[in-house]
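Undergrad: I'm passing along structure.tsv; it holds TSV, C-alpha atoms.
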```tsv
chain	number	residue	atom	x	y	z
A	1	MET	CA	0.00	0.00	0.00
A	2	SER	CA	1.42	3.40	-0.96
A	3	ILE	CA	-0.40	5.43	1.73
A	4	ILE	CA	1.18	5.11	5.15
A	5	ILE	CA	-0.92	6.18	8.13
A	6	THR	CA	1.09	8.17	10.65
A	7	LEU	CA	-1.65	8.31	13.29
A	8	ASP	CA	0.68	6.72	15.86
A	9	ILE	CA	3.09	9.66	15.53
A	10	ILE	CA	0.34	12.25	16.03
A	11	LEU	CA	-1.08	10.32	19.01
A	12	ALA	CA	2.39	10.24	20.58
A	13	LYS	CA	2.83	13.99	19.99
A	14	ARG	CA	-0.55	14.73	21.56
A	15	LYS	CA	0.15	12.24	24.36
A	16	MET	CA	-3.15	10.49	23.69
A	17	LYS	CA	-3.91	6.77	23.77
A	18	SER	CA	-5.78	4.92	20.98
A	19	ASN	CA	-8.68	3.97	23.21
A	20	GLN	CA	-9.14	7.61	24.25
A	21	LEU	CA	-9.21	8.71	20.61
A	22	SER	CA	-11.62	5.94	19.59
A	23	ASP	CA	-14.01	7.00	22.39
A	24	LEU	CA	-13.77	10.64	21.32
A	25	ILE	CA	-14.38	10.05	17.62
A	26	GLY	CA	-17.04	7.35	18.14
A	27	ILE	CA	-15.51	4.36	16.39
A	28	THR	CA	-14.53	1.04	17.92
A	29	GLN	CA	-10.96	0.32	18.99
A	30	GLN	CA	-10.83	-2.47	16.42
A	31	ASN	CA	-11.66	-0.02	13.64
A	32	LEU	CA	-9.01	2.39	14.88
A	33	SER	CA	-6.55	-0.53	14.97
A	34	VAL	CA	-7.43	-1.32	11.36
A	35	LEU	CA	-6.61	2.29	10.48
A	36	LYS	CA	-3.37	2.44	12.48
A	37	SER	CA	-2.07	-0.86	11.13
A	38	GLY	CA	-2.54	0.25	7.52
A	39	LYS	CA	-5.15	-2.42	6.73
A	40	ALA	CA	-7.90	0.12	6.07
A	41	LYS	CA	-9.03	0.32	2.46
A	42	ALA	CA	-11.06	3.50	2.86
A	43	ILE	CA	-11.72	6.20	5.41
A	44	ARG	CA	-14.92	8.20	5.64
A	45	LEU	CA	-14.51	11.96	5.48
A	46	SER	CA	-16.61	12.22	8.66
A	47	THR	CA	-14.11	9.97	10.49
A	48	LEU	CA	-11.16	11.95	9.09
A	49	GLU	CA	-12.79	15.23	10.14
A	50	SER	CA	-13.42	13.87	13.64
A	51	ILE	CA	-9.80	12.69	14.02
A	52	CYS	CA	-8.43	16.03	12.82
A	53	ARG	CA	-10.75	17.94	15.17
A	54	HIS	CA	-9.75	15.92	18.26
A	55	LEU	CA	-6.03	15.77	17.44
A	56	ASP	CA	-5.89	19.36	16.18
A	57	CYS	CA	-4.11	18.43	12.98
A	58	GLN	CA	-4.53	18.46	9.21
A	59	PRO	CA	-5.45	15.38	7.11
A	60	GLY	CA	-1.99	15.55	5.55
A	61	ASP	CA	-0.43	15.09	9.00
A	62	LEU	CA	-2.11	11.70	9.28
A	63	MET	CA	-0.94	10.11	6.07
A	64	LEU	CA	2.15	9.89	3.95
A	65	TYR	CA	2.31	8.90	0.30
A	66	VAL	CA	5.25	6.71	-0.63
A	67	PRO	CA	5.60	5.32	-4.18
A	68	ASP	CA	5.40	1.49	-4.09
A	69	LYS	CA	9.09	0.59	-4.49
A	70	ASN	CA	10.01	2.89	-1.63
A	71	VAL	CA	7.48	1.37	0.83
A	72	ASP	CA	9.85	-1.35	2.08
A	73	GLU	CA	12.69	1.18	2.52
A	74	THR	CA	10.41	3.48	4.53
A	75	ASN	CA	9.15	0.59	6.69
A	76	LYS	CA	12.77	-0.30	7.50
B	77	MET	CA	-27.62	-22.12	12.99
B	78	ASP	CA	-28.31	-25.60	14.44
B	79	ARG	CA	-30.80	-26.20	11.65
B	80	ILE	CA	-28.17	-25.25	9.04
B	81	ILE	CA	-25.66	-27.65	10.62
B	82	TYR	CA	-28.28	-30.44	10.80
B	83	LEU	CA	-29.40	-30.02	7.17
B	84	SER	CA	-25.77	-29.69	5.98
B	85	THR	CA	-24.84	-32.92	7.78
B	86	ILE	CA	-27.68	-34.83	6.08
B	87	LEU	CA	-26.82	-33.35	2.69
B	88	ALA	CA	-23.11	-34.16	3.08
B	89	ARG	CA	-23.95	-37.78	3.89
B	90	LEU	CA	-26.33	-38.07	0.92
B	91	LEU	CA	-23.72	-36.60	-1.43
B	92	LYS	CA	-21.01	-38.96	-0.16
B	93	ILE	CA	-23.35	-41.93	-0.65
B	94	SER	CA	-24.24	-40.72	-4.15
B	95	ARG	CA	-20.52	-40.71	-5.07
B	96	VAL	CA	-20.33	-44.43	-4.35
B	97	ILE	CA	-23.70	-45.20	-5.97
B	98	ILE	CA	-22.71	-43.48	-9.23
B	99	ILE	CA	-19.51	-45.52	-9.57
B	100	ILE	CA	-21.20	-48.81	-8.63
B	101	PHE	CA	-24.15	-48.18	-10.95
B	102	ILE	CA	-22.14	-47.14	-14.01
B	103	TYR	CA	-19.70	-50.04	-13.80
B	104	SER	CA	-22.38	-52.58	-12.87
B	105	TYR	CA	-24.35	-51.41	-15.88
B	106	TRP	CA	-21.48	-52.20	-18.22
B	107	ILE	CA	-20.43	-55.43	-16.47
B	108	PHE	CA	-23.98	-56.82	-16.75
B	109	PHE	CA	-24.85	-55.03	-20.03
B	110	PRO	CA	-27.54	-55.38	-21.42
B	111	ALA	CA	-29.25	-56.90	-18.34
B	112	PHE	CA	-30.24	-53.50	-16.91
B	113	ASP	CA	-31.83	-52.53	-20.25
B	114	TYR	CA	-34.25	-55.48	-20.00
B	115	HIS	CA	-35.44	-54.00	-16.70
B	116	GLY	CA	-35.98	-50.53	-18.12
B	117	ILE	CA	-32.75	-48.94	-16.85
B	118	ALA	CA	-30.81	-47.82	-19.91
B	119	ILE	CA	-27.86	-45.51	-20.44
B	120	VAL	CA	-27.77	-46.11	-24.19
B	121	SER	CA	-30.95	-46.27	-26.24
B	122	TYR	CA	-29.80	-48.12	-29.33
B	123	PRO	CA	-31.62	-51.27	-30.45
B	124	LEU	CA	-29.67	-54.11	-28.80
B	125	GLU	CA	-29.66	-56.23	-31.96
B	126	SER	CA	-27.64	-53.52	-33.76
B	127	LEU	CA	-24.80	-53.71	-31.22
B	128	THR	CA	-21.76	-55.98	-30.93
B	129	ILE	CA	-21.58	-56.84	-27.26
B	130	ASN	CA	-18.36	-58.61	-26.30
B	131	TYR	CA	-15.61	-58.10	-23.70
B	132	LYS	CA	-13.72	-55.64	-25.98
B	133	SER	CA	-16.70	-53.34	-26.48
B	134	ILE	CA	-17.66	-53.53	-22.79
B	135	ILE	CA	-14.12	-52.66	-21.64
B	136	LEU	CA	-14.06	-49.75	-24.11
B	137	CYS	CA	-17.40	-48.51	-22.77
B	138	MET	CA	-16.12	-48.74	-19.20
B	139	ILE	CA	-13.05	-46.69	-20.14
B	140	ILE	CA	-15.21	-44.14	-21.99
B	141	SER	CA	-17.51	-43.87	-18.92
B	142	ILE	CA	-14.55	-42.47	-16.94
B	143	LEU	CA	-15.17	-39.14	-18.68
B	144	PRO	CA	-18.68	-38.26	-17.45
B	145	VAL	CA	-18.13	-40.06	-14.13
B	146	THR	CA	-15.01	-37.96	-13.41
B	147	VAL	CA	-16.86	-34.71	-14.12
B	148	SER	CA	-19.85	-35.84	-12.02
B	149	LEU	CA	-17.57	-36.78	-9.11
B	150	TYR	CA	-15.79	-33.42	-9.40
B	151	GLY	CA	-19.15	-31.63	-9.18
B	152	ILE	CA	-20.29	-33.75	-6.23
B	153	ASN	CA	-16.96	-33.17	-4.43
B	154	LYS	CA	-17.39	-29.42	-4.87
B	155	MET	CA	-20.92	-29.67	-3.41
B	156	ILE	CA	-19.57	-31.68	-0.46
B	157	GLN	CA	-16.93	-28.95	0.08
B	158	LEU	CA	-19.68	-26.31	0.05
B	159	VAL	CA	-21.81	-28.24	2.50
B	160	GLU	CA	-18.80	-28.78	4.81
B	161	PHE	CA	-18.34	-25.00	4.90
B	162	TYR	CA	-22.02	-24.60	5.81
B	163	LYS	CA	-21.53	-27.12	8.62
B	164	GLN	CA	-18.75	-24.93	10.02
B	165	GLY	CA	-21.06	-21.93	9.88
B	166	ILE	CA	-19.24	-20.36	6.92
B	167	ILE	CA	-22.17	-19.32	4.77
B	168	PHE	CA	-20.95	-16.27	2.83
B	169	SER	CA	-17.27	-16.39	2.02
B	170	LYS	CA	-14.90	-16.11	-0.93
B	171	GLU	CA	-14.41	-19.89	-0.95
B	172	ASN	CA	-18.19	-20.51	-1.15
B	173	ALA	CA	-18.49	-18.08	-4.03
B	174	LEU	CA	-15.59	-19.78	-5.86
B	175	ILE	CA	-17.25	-23.18	-5.36
B	176	PHE	CA	-20.46	-21.92	-6.99
B	177	TYR	CA	-18.41	-20.52	-9.87
B	178	ARG	CA	-16.61	-23.86	-10.31
B	179	LEU	CA	-19.91	-25.78	-10.08
B	180	GLY	CA	-21.14	-23.73	-13.02
B	181	HIS	CA	-18.04	-24.77	-14.96
B	182	ALA	CA	-18.52	-28.40	-13.89
B	183	LEU	CA	-22.08	-28.39	-15.30
B	184	LEU	CA	-20.75	-27.06	-18.60
B	185	TRP	CA	-18.01	-29.69	-18.71
B	186	TYR	CA	-20.59	-32.36	-17.83
B	187	SER	CA	-22.74	-31.50	-20.83
B	188	ILE	CA	-19.68	-31.58	-23.09
B	189	ALA	CA	-18.53	-34.89	-21.54
B	190	ASP	CA	-22.04	-36.32	-21.97
B	191	CYS	CA	-22.04	-35.41	-25.67
B	192	VAL	CA	-18.59	-36.94	-26.21
B	193	PHE	CA	-19.56	-40.02	-24.15
B	194	TYR	CA	-22.53	-40.93	-26.33
B	195	THR	CA	-20.50	-40.43	-29.52
B	196	LEU	CA	-17.67	-42.65	-28.28
B	197	VAL	CA	-20.01	-45.32	-26.86
B	198	SER	CA	-21.85	-45.59	-30.18
B	199	ILE	CA	-18.47	-46.22	-31.84
B	200	ALA	CA	-17.38	-48.71	-29.14
B	201	LEU	CA	-20.57	-50.77	-29.45
B	202	THR	CA	-20.75	-50.83	-33.26
B	203	TYR	CA	-17.18	-50.65	-34.63
B	204	GLN	CA	-17.04	-54.46	-34.77
B	205	ASN	CA	-20.29	-54.66	-36.75
B	206	PRO	CA	-20.24	-55.86	-40.35
B	207	PRO	CA	-19.53	-53.16	-42.97
B	208	GLY	CA	-22.45	-50.74	-43.36
B	209	LYS	CA	-23.90	-51.63	-39.94
B	210	ALA	CA	-21.68	-49.45	-37.74
B	211	PHE	CA	-22.93	-46.03	-36.68
B	212	ILE	CA	-21.84	-42.93	-34.76
B	213	GLU	CA	-24.19	-40.88	-32.62
B	214	ILE	CA	-23.46	-37.16	-32.74
B	215	GLY	CA	-26.01	-34.87	-31.26
B	216	ILE	CA	-27.13	-32.61	-28.47
B	217	SER	CA	-30.06	-33.60	-26.30
B	218	GLU	CA	-32.40	-31.40	-24.27
B	219	THR	CA	-30.62	-32.55	-21.07
B	220	GLN	CA	-27.35	-31.14	-22.36
B	221	ILE	CA	-28.95	-27.85	-23.40
B	222	ILE	CA	-30.56	-27.51	-19.95
B	223	CYS	CA	-27.17	-28.32	-18.33
B	224	VAL	CA	-25.45	-25.62	-20.38
B	225	ALA	CA	-28.14	-23.06	-19.48
B	226	LEU	CA	-27.94	-24.03	-15.80
B	227	SER	CA	-24.14	-23.82	-15.89
B	228	PHE	CA	-24.33	-20.19	-17.00
B	229	PHE	CA	-26.83	-19.34	-14.27
B	230	VAL	CA	-24.80	-21.03	-11.55
B	231	ALA	CA	-21.53	-19.47	-12.78
B	232	ILE	CA	-23.15	-16.01	-12.85
B	233	ILE	CA	-24.49	-16.50	-9.33
B	234	GLY	CA	-20.97	-17.48	-8.24
B	235	LYS	CA	-19.54	-14.38	-9.91
B	236	ILE	CA	-22.14	-12.14	-8.20
B	237	MET	CA	-21.30	-13.74	-4.84
B	238	LEU	CA	-17.57	-13.08	-5.45
B	239	GLU	CA	-18.23	-9.41	-6.26
B	240	ALA	CA	-20.49	-9.12	-3.21
B	241	TYR	CA	-17.72	-10.62	-1.07
B	242	LYS	CA	-15.16	-8.09	-2.42
B	243	HIS	CA	-17.63	-5.26	-1.77
B	244	ASN	CA	-18.20	-6.56	1.76
B	245	GLU	CA	-14.46	-6.72	2.39
B	246	GLU	CA	-14.14	-3.08	1.28
B	247	LEU	CA	-16.87	-2.09	3.72
B	248	LYS	CA	-15.29	-4.15	6.49
B	249	TYR	CA	-12.05	-2.20	6.05
B	250	THR	CA	-13.72	1.21	5.74
B	251	VAL	CA	-13.18	3.23	8.88
```
Spell out the structure here as structure tokens.
TA:
Amino acid sequence: MSIIITLDIILAKRKMKSNQLSDLIGITQQNLSVLKSGKAKAIRLSTLESICRHLDCQPGDLMLYVPDKNVDETNK
Amino acid sequence: MDRIIYLSTILARLLKISRVIIIIFIYSYWIFFPAFDYHGIAIVSYPLESLTINYKSIILCMIISILPVTVSLYGINKMIQLVEFYKQGIIFSKENALIFYRLGHALLWYSIADCVFYTLVSIALTYQNPPGKAFIEIGISETQIICVALSFFVAIIGKIMLEAYKHNEELKYTV
């Protein structure tokens, strides 16, 4: 997948735990896990808006585009 | 769910029994040919006096029967696989959809195998006849046409189930 979710980094910067964020934005912890682990295939704009509102960030802060051949290098 | 498991168990048993019955019936038919015909159970419908029935023609017919029997057993095995999934509570999955798709193909192959079977059996039972008395049956019966039509329907249903599964997976991973 070429889009890498950097939610973990933002959560660490805001000193917030995943379960706190999931309670705030109204999705289950499993769904948030799916997003954090990069398994998500789509994200609703309403969910994205809610995350940005509660973490005080921009959508671009939450994801990073890496062309396919560079994904393994970035993950290292 | 219990009812699904109960019905699936019965169906699995019936399908497994039918596998054995098909093999026993087909090969008993040829071993005792034309005894079954005298009792109204016929695979071939040619007048018996026009056939040369000896060990060579019977062995050839038994070998030729491998074709439709193999396809039938493949179809029954796929149905058993499907029913085993139902027994485990797996009702809508990618594997189930693929099985339906393959069952559609099996029905198509069965109608082709059936057509080829009758052609080859007509040759096997008459090639030893005197000159001018041998014949070849080439044709398509209503059973084969119905099989082909059914195969398309079943394959399309399988394809729809596969697309529905992919759509469901997308939704499952939509946050």
Undergrad: Given the point (-9.8, 11.2, 9.9) in the coordinates of this file, which residues lie within 12 Å, counting all atoms listed in the file, and how would they look as an MDAnalysis selection string?
TA: (chainID A and resid 5:7 10 21:22 25:27 31:32 35:36 40 42:63) or (chainID B and resid 250:251)
Undergrad: Export, as a PDB file, in the frame of the given file, the selected residues with C-alpha atoms.
TA:
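Saved as selection38.pdb:
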```
ATOM      1  CA  ILE A   5      -0.920   6.180   8.130  1.00  0.00           C
ATOM      2  CA  THR A   6       1.090   8.170  10.650  1.00  0.00           C
ATOM      3  CA  LEU A   7      -1.650   8.310  13.290  1.00  0.00           C
ATOM      4  CA  ILE A  10       0.340  12.250  16.030  1.00  0.00           C
ATOM      5  CA  LEU A  21      -9.210   8.710  20.610  1.00  0.00           C
ATOM      6  CA  SER A  22     -11.620   5.940  19.590  1.00  0.00           C
ATOM      7  CA  ILE A  25     -14.380  10.050  17.620  1.00  0.00           C
ATOM      8  CA  GLY A  26     -17.040   7.350  18.140  1.00  0.00           C
ATOM      9  CA  ILE A  27     -15.510   4.360  16.390  1.00  0.00           C
ATOM     10  CA  ASN A  31     -11.660  -0.020  13.640  1.00  0.00           C
ATOM     11  CA  LEU A  32      -9.010   2.390  14.880  1.00  0.00           C
ATOM     12  CA  LEU A  35      -6.610   2.290  10.480  1.00  0.00           C
ATOM     13  CA  LYS A  36      -3.370   2.440  12.480  1.00  0.00           C
ATOM     14  CA  ALA A  40      -7.900   0.120   6.070  1.00  0.00           C
ATOM     15  CA  ALA A  42     -11.060   3.500   2.860  1.00  0.00           C
ATOM     16  CA  ILE A  43     -11.720   6.200   5.410  1.00  0.00           C
ATOM     17  CA  ARG A  44     -14.920   8.200   5.640  1.00  0.00           C
ATOM     18  CA  LEU A  45     -14.510  11.960   5.480  1.00  0.00           C
ATOM     19  CA  SER A  46     -16.610  12.220   8.660  1.00  0.00           C
ATOM     20  CA  THR A  47     -14.110   9.970  10.490  1.00  0.00           C
ATOM     21  CA  LEU A  48     -11.160  11.950   9.090  1.00  0.00           C
ATOM     22  CA  GLU A  49     -12.790  15.230  10.140  1.00  0.00           C
ATOM     23  CA  SER A  50     -13.420  13.870  13.640  1.00  0.00           C
ATOM     24  CA  ILE A  51      -9.800  12.690  14.020  1.00  0.00           C
ATOM     25  CA  CYS A  52      -8.430  16.030  12.820  1.00  0.00           C
ATOM     26  CA  ARG A  53     -10.750  17.940  15.170  1.00  0.00           C
ATOM     27  CA  HIS A  54      -9.750  15.920  18.260  1.00  0.00           C
ATOM     28  CA  LEU A  55      -6.030  15.770  17.440  1.00  0.00           C
ATOM     29  CA  ASP A  56      -5.890  19.360  16.180  1.00  0.00           C
ATOM     30  CA  CYS A  57      -4.110  18.430  12.980  1.00  0.00           C
ATOM     31  CA  GLN A  58      -4.530  18.460   9.210  1.00  0.00           C
ATOM     32  CA  PRO A  59      -5.450  15.380   7.110  1.00  0.00           C
ATOM     33  CA  GLY A  60      -1.990  15.550   5.550  1.00  0.00           C
ATOM     34  CA  ASP A  61      -0.430  15.090   9.000  1.00  0.00           C
ATOM     35  CA  LEU A  62      -2.110  11.700   9.280  1.00  0.00           C
ATOM     36  CA  MET A  63      -0.940  10.110   6.070  1.00  0.00           C
TER      37      MET A  63
ATOM     38  CA  THR B 250     -13.720   1.210   5.740  1.00  0.00           C
ATOM     39  CA  VAL B 251     -13.180   3.230   8.880  1.00  0.00           C
TER      40      VAL B 251
END
```
Undergrad: Under the rule that all atoms listed in the file are counted, which of B:Val145, B:Leu247, B:Ile107, B:Met138 is the nearest residue to chain A?
TA: B:Leu247
Undergrad: Mind pulling up the distance from atom CA of Tyr194 of chain B to atom CA of Glu213 of chain B?
TA: 6.5 Å
Undergrad: Using only C-alpha atoms, find each residue in chain B having at least one atom no more than 12 Å away from chain A; report its shortest atom-to-atom pair and that distance in Å (one decimal), rows by chain then rising number, as JSON lines.
TA:
```
{"residue": "B:Lys242", "atom": "CA", "partner": "A:Lys41", "partner_atom": "CA", "distance": 11.5}
{"residue": "B:His243", "atom": "CA", "partner": "A:Lys41", "partner_atom": "CA", "distance": 11.1}
{"residue": "B:Asn244", "atom": "CA", "partner": "A:Lys41", "partner_atom": "CA", "distance": 11.5}
{"residue": "B:Glu245", "atom": "CA", "partner": "A:Lys41", "partner_atom": "CA", "distance": 8.9}
{"residue": "B:Glu246", "atom": "CA", "partner": "A:Lys41", "partner_atom": "CA", "distance": 6.3}
{"residue": "B:Leu247", "atom": "CA", "partner": "A:Ala42", "partner_atom": "CA", "distance": 8.1}
{"residue": "B:Lys248", "atom": "CA", "partner": "A:Ala40", "partner_atom": "CA", "distance": 8.5}
{"residue": "B:Tyr249", "atom": "CA", "partner": "A:Ala40", "partner_atom": "CA", "distance": 4.8}
{"residue": "B:Thr250", "atom": "CA", "partner": "A:Ala42", "partner_atom": "CA", "distance": 4.5}
{"residue": "B:Val251", "atom": "CA", "partner": "A:Ile43", "partner_atom": "CA", "distance": 4.8}
```
Undergrad: What's the 10 Å shell around segment 238-240 of chain B, counting all atoms listed in the file, without same-chain residues fewer than 4 positions away, as a VMD selection string?
TA: chain B and resid 168 to 174 176 to 177 232 to 234 244 to 246
Undergrad: Between atom CA of Phe101 of chain B and atom CA of Tyr162 of chain B, what is the spacing in Å?
TA: 29.0 Å
Undergrad: Which value, in Å to one decimal, gives the distance between atom CA of Phe109 of chain B and atom CA of Asn130 of chain B?
TA: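 We find that atom CA of Phe109 of chain B and atom CA of Asn130 of chain B lie 9.7 Å from each other.
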Undergrad: Just the residues within 10 Å of Gln164 of chain B, please, counting only C-alpha atoms, with nothing from its chain fewer than 2 positions along; format it as a ChimeraX atom specification.
TA: /B:77,80-81,84,159-162,166-167
Undergrad: Determine the axis-aligned bounding box of all atoms of segment 144-156 of chain B present in the file, pad each side by 6 Å, and express its centre and edge lengths in Å to one decimal place as lines of an AutoDock Vina configuration file.
TA:
```
center_x = -18.0
center_y = -34.7
center_z = -9.0
size_x = 17.9
size_y = 22.6
size_z = 29.0
```
Undergrad: Measuring between all atoms listed in the file, which one of A:Asp68, A:Met16, A:Asp8, A:Ser2 shows the shortest distance to Ser37 of chain A?
TA: A:Asp8
Undergrad: So which one's closest to Ile135 of chain B, B:Ile222, B:Leu201, B:Ile98, B:Leu83? Using all atoms listed in the file, please.
TA: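 Closest to Ile135 of chain B of all the choices is B:Leu201.
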Undergrad: Find the spatial neighbours of Ser141 of chain B, counting all atoms listed in the file, within a cut-off of 9 Å - ignore same-chain residues fewer than 2 positions away - and output them as a list in words.
TA: Ile102, Tyr103, Leu136, Cys137, Met138, Ile139, Leu143, Pro144, Val145, Thr146, Phe193 and Val197 of chain B
Undergrad: Within 9 Å of Met155 of chain B, counting only C-alpha atoms, which residues show up once you throw out same-chain ones fewer than 5 positions away? Write them as a list in words, please.
TA: Ala88, Leu91, Tyr150, Glu160, Ile175, Phe176 and Leu179 of chain B
Undergrad: Taking all atoms listed in the file into account, name the residue in B:Phe228, B:Tyr105, B:Tyr241, B:Trp185 that is nearest to Ser148 of chain B.
TA: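 Of B:Phe228, B:Tyr105, B:Tyr241, B:Trp185, the one nearest Ser148 of chain B, counting all atoms listed in the file, is B:Trp185.
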